[in-house]
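These notes are about the structure you will find just below.
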Amino acid sequence: MPRLFLALALVLAPAAALAQAAYVPVAGAQHALSVATLKALTVPTGANYAVVCASGATVYTSTDPTFTPTTSSGQPLASGSCVSLVGAAEIANFRAIGTGATLDVEYHQATH
């Protein structure tokens with residue numbers, strides 16, 4: 001039985017370390033950002049984590065630099081839903097569009 005606990009501890013340790021990552025807010029949040037046309041984010045210096053929330057209608061998004069979302073294709077983000085973007089590249093590659101939709105974005109920086 002002790003081996004089982006050791007095995008579980010080794011498997012869960014990386015997840016626990018990730019959950020303990022500390023983030024501090026970075027100035028430059030974007031609120032009520034219209035995405036009636038394709039938009040990228042204006043990322044403040046030092047931001048490496050972002051929380052993006054949709055309002056008003058479904059927003060179609062992508063972090064794939066080779067794909068451009070449209071008002072009917074991409075990763076759908078329903079109104080009232082949020083998504084986390086982790087890492088400077090993922091944030092920089094984020095694109096969104098949605099008829100009648102807006103985004104609220106808050107930026108953070110890891111402290112570890």
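Residue numbering restarts at 1 in every chain; chains get A, B, ... in the order shown in the structure tokens, and ligands count up from 1 in that same order.
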
Each residue of stretch 70-111 of chain A with at least one atom at most 12 Å from stretch 33-44 of chain A should appear once, together with its nearest atom pair and the corresponding distance in Å (one decimal); atoms considered: only C-alpha atoms; ordering: chain, then increasing residue number; output as a tab-separated table.
```
residue	atom	partner	partner_atom	distance
A:Thr70	CA	A:Leu38	CA	7.7
A:Thr71	CA	A:Ala36	CA	8.7
A:Gly74	CA	A:Leu38	CA	11.8
A:Leu85	CA	A:Leu41	CA	11.4
A:Gly87	CA	A:Val43	CA	11.4
A:Ala88	CA	A:Val43	CA	8.7
A:Ala89	CA	A:Val43	CA	10.6
A:Glu90	CA	A:Leu41	CA	10.8
A:Ile91	CA	A:Leu41	CA	7.4
A:Ala92	CA	A:Leu41	CA	6.9
A:Asn93	CA	A:Ala40	CA	7.5
A:Phe94	CA	A:Ala40	CA	6.0
A:Arg95	CA	A:Ala40	CA	4.7
A:Ala96	CA	A:Lys39	CA	5.4
A:Ile97	CA	A:Leu38	CA	4.7
A:Gly98	CA	A:Ala36	CA	5.4
A:Thr99	CA	A:Ala36	CA	5.0
A:Gly100	CA	A:Ala36	CA	6.3
A:Ala101	CA	A:Val35	CA	6.0
A:Thr102	CA	A:Ser34	CA	4.5
A:Leu103	CA	A:Leu33	CA	5.0
A:Asp104	CA	A:Leu33	CA	6.4
A:Val105	CA	A:Leu33	CA	8.3
A:Glu106	CA	A:Val43	CA	9.7
A:Tyr107	CA	A:Pro44	CA	7.6
A:His108	CA	A:Pro44	CA	9.2
A:Gln109	CA	A:Pro44	CA	10.0
```

message = Please identify the strand (DSSP E or B) residues within chain A (assignment by DSSP from backbone atoms) and present them as a PyMOL selection string.
response = chain A and resi 23-34+39-40+49-55+59-62+70+73+75-77+82-86+95-97+102-110

ask   = Could you state the separation of atom CA of A:Ala29 and atom CA of A:Val52 in Å, given to one decimal place?
value = 10.0 Å

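The spacing separating atom CA of A:Val86 from atom CA of A:Ala50 amounts to 6.7 Å.
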
request  = Find the residues near A:Val83: any atom within 8 Å, counting only C-alpha atoms, skip ones fewer than 5 places away on the same chain, and give them as JSON, numbers by chain.
outcome  = {"A": [51, 52, 53, 77]}

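Separating atom CA of A:Pro69 from atom CA of A:Ala27 is a distance of 27.4 Å.
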